[in-house]
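Just below is one structure, and these are the notes that go with it.
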Amino acid sequence: MVKKWEQEYKCSIFTNGQSQVNATRAFGAKRIVAASYFSNEEVNVGFAKYLTEAGFEVLNIAGYKVPFKDVPLLEAHVIRKFLDGLFLPHQGKVDAFYLIGPAWRATLGMIEELEEAYGVPVIHHVPAQSWEMQRLLGFRQPFSGYGRLMREMPGM
């Protein structure tokens with residue numbers, strides 16, 4: 001569908017999922033842990049299927065159990081406890097940690113801290129979109145504060 005749109009509109013087009021998969025691949029990651037805020041297990045199973053079909057081994061994926069309307073209100077320390085519980089049992093076996101979804105706002109400011117603690121790249125949709133846009137437009141403007149993806153600009 002994306003290729004059809006690109007041909008029809010004569011421009012590069014990407015989805016959130018594509019940018020996040022491409023960013024994860026830019027680090028050469030094969031085995032990932034993923035976290036979301038979707039309490040519906042079917043949604044997380046769908047994400048796991050998408051990631052598996054994209055070539056990743058999903059060691060763990062889970063959603064935080066909270067009503068969707070409350071997701072933006074979650075504080076960083078609450079999210080961190082949830083993320084630690086998902087990631088730490090797999091530490092040393094994981095190539096990247098994939099955070100699904102934009103609604104938990106506190107995660108954007110946590111990327112650097114999580115990467116330092118976990119020792120792997122953290123793929124977050126906002127930096128992944130910025131990285132993908134730069135990659136497709138053929139320019140490279142790295143910056144710090146939002147993780148290795150934006151600081152190192154791998155795959156450019």
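Here's how to read the names in the structure tokens: chain A, B, ... by the order shown, residue numbers from 1 in each chain, ligand numbers from 1 in the order shown.
The shell of residues at most 9 Å from Phe143 of chain A, with only C-alpha atoms counted and near chain neighbours (fewer than 3 positions) removed, consists of Tyr146, Gly147, Met150, Arg151, Glu152 and Met153 of chain A.
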Please return as an mmCIF file with N, CA and C atoms, in the first residue's frame: the residues of chain A that backbone DSSP assigns to strand (DSSP E or B).
data_model
loop_
_atom_site.group_PDB
_atom_site.id
_atom_site.type_symbol
_atom_site.label_atom_id
_atom_site.label_comp_id
_atom_site.auth_asym_id
_atom_site.auth_seq_id
_atom_site.Cartn_x
_atom_site.Cartn_y
_atom_site.Cartn_z
ATOM 1 N N ARG A 31 17.034 -9.267 18.615
ATOM 2 C CA ARG A 31 16.176 -9.686 19.739
ATOM 3 C C ARG A 31 15.739 -8.452 20.518
ATOM 4 N N ILE A 32 14.428 -8.325 20.688
ATOM 5 C CA ILE A 32 13.905 -7.124 21.332
ATOM 6 C C ILE A 32 12.912 -7.458 22.438
ATOM 7 N N VAL A 33 12.773 -6.504 23.330
ATOM 8 C CA VAL A 33 11.698 -6.480 24.314
ATOM 9 C C VAL A 33 10.879 -5.250 23.970
ATOM 10 N N ALA A 34 9.559 -5.360 24.054
ATOM 11 C CA ALA A 34 8.682 -4.246 23.701
ATOM 12 C C ALA A 34 7.686 -3.977 24.816
ATOM 13 N N ALA A 35 7.382 -2.706 25.000
ATOM 14 C CA ALA A 35 6.420 -2.289 26.016
ATOM 15 C C ALA A 35 5.414 -1.344 25.377
ATOM 16 N N SER A 36 4.169 -1.479 25.789
ATOM 17 C CA SER A 36 3.120 -0.571 25.326
ATOM 18 C C SER A 36 2.243 -0.194 26.518
ATOM 19 N N GLU A 57 13.113 -11.206 16.873
ATOM 20 C CA GLU A 57 12.687 -12.169 17.889
ATOM 21 C C GLU A 57 12.204 -11.347 19.083
ATOM 22 N N VAL A 58 10.929 -11.446 19.398
ATOM 23 C CA VAL A 58 10.332 -10.684 20.494
ATOM 24 C C VAL A 58 10.425 -11.533 21.763
ATOM 25 N N LEU A 59 11.339 -11.158 22.637
ATOM 26 C CA LEU A 59 11.547 -11.920 23.872
ATOM 27 C C LEU A 59 10.464 -11.653 24.895
ATOM 28 N N ASN A 60 9.891 -10.469 24.860
ATOM 29 C CA ASN A 60 8.822 -10.120 25.783
ATOM 30 C C ASN A 60 8.099 -8.905 25.225
ATOM 31 N N ILE A 61 6.794 -8.898 25.375
ATOM 32 C CA ILE A 61 5.983 -7.734 25.036
ATOM 33 C C ILE A 61 4.805 -7.721 25.991
ATOM 34 N N ALA A 62 4.516 -6.551 26.526
ATOM 35 C CA ALA A 62 3.381 -6.431 27.445
ATOM 36 C C ALA A 62 2.897 -5.003 27.453
ATOM 37 N N GLY A 63 1.633 -4.858 27.799
ATOM 38 C CA GLY A 63 1.034 -3.539 27.926
ATOM 39 C C GLY A 63 0.758 -3.208 29.376
ATOM 40 N N ALA A 96 17.682 -4.438 21.670
ATOM 41 C CA ALA A 96 17.011 -3.138 21.706
ATOM 42 C C ALA A 96 15.726 -3.247 22.516
ATOM 43 N N PHE A 97 15.305 -2.125 23.055
ATOM 44 C CA PHE A 97 14.052 -2.033 23.804
ATOM 45 C C PHE A 97 13.138 -1.095 23.023
ATOM 46 N N TYR A 98 11.965 -1.572 22.679
ATOM 47 C CA TYR A 98 11.049 -0.876 21.790
ATOM 48 C C TYR A 98 9.853 -0.390 22.593
ATOM 49 N N LEU A 99 9.661 0.938 22.668
ATOM 50 C CA LEU A 99 8.534 1.525 23.390
ATOM 51 C C LEU A 99 7.455 1.888 22.379
ATOM 52 N N VAL A 122 17.118 2.360 22.913
ATOM 53 C CA VAL A 122 15.681 2.412 23.181
ATOM 54 C C VAL A 122 15.022 3.079 21.983
ATOM 55 N N ILE A 123 14.115 2.360 21.356
ATOM 56 C CA ILE A 123 13.433 2.863 20.167
ATOM 57 C C ILE A 123 12.101 3.459 20.609
ATOM 58 N N HIS A 124 11.960 4.739 20.382
ATOM 59 C CA HIS A 124 10.776 5.503 20.769
ATOM 60 C C HIS A 124 10.233 6.149 19.499
#
key: Which residue of A:Glu113, A:Glu75, A:Glu6, A:Glu53 approaches Val21 of chain A most closely, using only C-alpha atoms   = A:Glu53
message = Need the shell around Lys65 of chain A: protein/DNA/RNA residues with any atom at most 10 Å away, counting only C-alpha atoms. Skip same-chain ones fewer than 6 positions apart. Format as number ranges by chain?
response = A: 36-41, 71, 82
inquiry  = When you look at Pro72 of chain A with a cut-off of 12 Å (counting only C-alpha atoms), what residues show up, excluding the ones that are within fewer than 2 positions of it in the same chain? I need them as a PyMOL selection string.
reply    = chain A and resi 37+66-70+74-76+78-79+101-108
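The nearest approach to Ser130 of chain A among the residues A:Phe14, A:Tyr9, A:Phe27, A:Tyr50, with only C-alpha atoms taken into account, belongs to A:Phe14.
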key: Among the residues A:Lys10, A:Arg148, A:Arg80, A:Lys3, the one that comes closest to Glu115 of chain A [using only C-alpha atoms]   = A:Arg148
task = From a DSSP calculation on the backbone, collect every residue of chain A in helix (DSSP H, G or I) and output the set as an MDAnalysis selection string.
result = chainID A and resid 2:9 16:26 41:53 68:73 76:90 105:118 125:137 148:152
Convert the current residue selection to file output with C-alpha atoms, as a CSV table (one decimal), in the first residue's frame.
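Written output follows (part.csv):
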chain,number,residue,atom,x,y,z
A,2,VAL,CA,2.8,2.4,0.9
A,3,LYS,CA,4.7,1.7,-2.3
A,4,LYS,CA,1.5,2.3,-4.3
A,5,TRP,CA,1.0,5.7,-2.5
A,6,GLU,CA,4.7,6.6,-3.2
A,7,GLN,CA,4.2,5.9,-6.9
A,8,GLU,CA,0.9,7.8,-7.0
A,9,TYR,CA,2.0,10.8,-5.1
A,16,ASN,CA,5.1,4.9,12.4
A,17,GLY,CA,5.7,1.1,12.4
A,18,GLN,CA,8.1,1.4,9.4
A,19,SER,CA,10.1,4.1,11.0
A,20,GLN,CA,10.4,2.2,14.3
A,21,VAL,CA,11.4,-1.0,12.5
A,22,ASN,CA,13.9,0.8,10.4
A,23,ALA,CA,15.4,2.5,13.4
A,24,THR,CA,15.7,-0.8,15.2
A,25,ARG,CA,17.3,-2.4,12.2
A,26,ALA,CA,19.8,0.5,12.0
A,41,GLU,CA,-3.7,-8.3,25.0
A,42,GLU,CA,-4.9,-8.7,21.4
A,43,VAL,CA,-3.3,-5.4,20.5
A,44,ASN,CA,0.1,-6.5,22.0
A,45,VAL,CA,-0.1,-9.9,20.3
A,46,GLY,CA,-0.7,-7.9,17.0
A,47,PHE,CA,2.4,-5.8,17.7
A,48,ALA,CA,4.4,-9.0,18.4
A,49,LYS,CA,3.2,-10.5,15.2
A,50,TYR,CA,4.2,-7.4,13.2
A,51,LEU,CA,7.6,-7.3,14.8
A,52,THR,CA,8.2,-11.0,14.3
A,53,GLU,CA,7.2,-10.7,10.6
A,68,PHE,CA,-6.2,4.8,27.9
A,69,LYS,CA,-7.4,8.2,29.0
A,70,ASP,CA,-5.0,8.0,32.0
A,71,VAL,CA,-1.9,7.0,30.0
A,72,PRO,CA,-0.6,10.6,29.5
A,73,LEU,CA,-0.9,11.2,33.2
A,76,ALA,CA,8.0,8.6,35.0
A,77,HIS,CA,8.7,6.5,38.1
A,78,VAL,CA,5.6,4.5,37.6
A,79,ILE,CA,6.5,3.8,33.9
A,80,ARG,CA,10.1,3.0,34.9
A,81,LYS,CA,9.0,0.3,37.3
A,82,PHE,CA,6.9,-1.3,34.6
A,83,LEU,CA,9.7,-1.1,32.0
A,84,ASP,CA,12.2,-2.5,34.5
A,85,GLY,CA,9.9,-5.5,35.1
A,86,LEU,CA,9.7,-6.2,31.4
A,87,PHE,CA,13.3,-5.6,30.4
A,88,LEU,CA,15.6,-6.7,33.3
A,89,PRO,CA,14.7,-10.5,33.2
A,90,HIS,CA,16.1,-10.4,29.6
A,105,ARG,CA,4.5,11.3,27.4
A,106,ALA,CA,7.1,10.8,30.2
A,107,THR,CA,9.0,8.2,28.1
A,108,LEU,CA,10.5,10.7,25.7
A,109,GLY,CA,12.4,12.3,28.6
A,110,MET,CA,13.5,8.9,29.8
A,111,ILE,CA,15.3,7.5,26.8
A,112,GLU,CA,18.8,8.5,27.7
A,113,GLU,CA,18.3,7.2,31.3
A,114,LEU,CA,16.9,3.9,30.0
A,115,GLU,CA,19.7,3.4,27.5
A,116,GLU,CA,22.3,3.9,30.2
A,117,ALA,CA,20.6,1.6,32.6
A,118,TYR,CA,19.8,-1.2,30.1
A,125,HIS,CA,8.3,6.7,18.1
A,126,VAL,CA,9.2,10.4,18.2
A,127,PRO,CA,13.0,10.1,17.6
A,128,ALA,CA,12.3,7.2,15.2
A,129,GLN,CA,10.1,9.5,13.1
A,130,SER,CA,12.6,12.3,13.1
A,131,TRP,CA,15.4,9.9,12.2
A,132,GLU,CA,13.3,8.4,9.4
A,133,MET,CA,12.4,11.9,7.9
A,134,GLN,CA,16.0,12.9,7.9
A,135,ARG,CA,17.0,9.7,6.3
A,136,LEU,CA,14.4,9.9,3.6
A,137,LEU,CA,15.1,13.6,2.9
A,148,ARG,CA,21.4,7.0,20.7
A,149,LEU,CA,19.3,7.1,17.5
A,150,MET,CA,19.3,10.9,17.3
A,151,ARG,CA,22.8,11.3,18.7
A,152,GLU,CA,24.5,8.8,16.5
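Note that the spacing between atom CA of Gln91 of chain A and atom CA of Thr15 of chain A amounts to 29.0 Å.
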message = Just to confirm, what's the straight-line distance from atom CA of Gly55 of chain A to atom CA of Gly155 of chain A in Å (one decimal)?
response = 17.5 Å
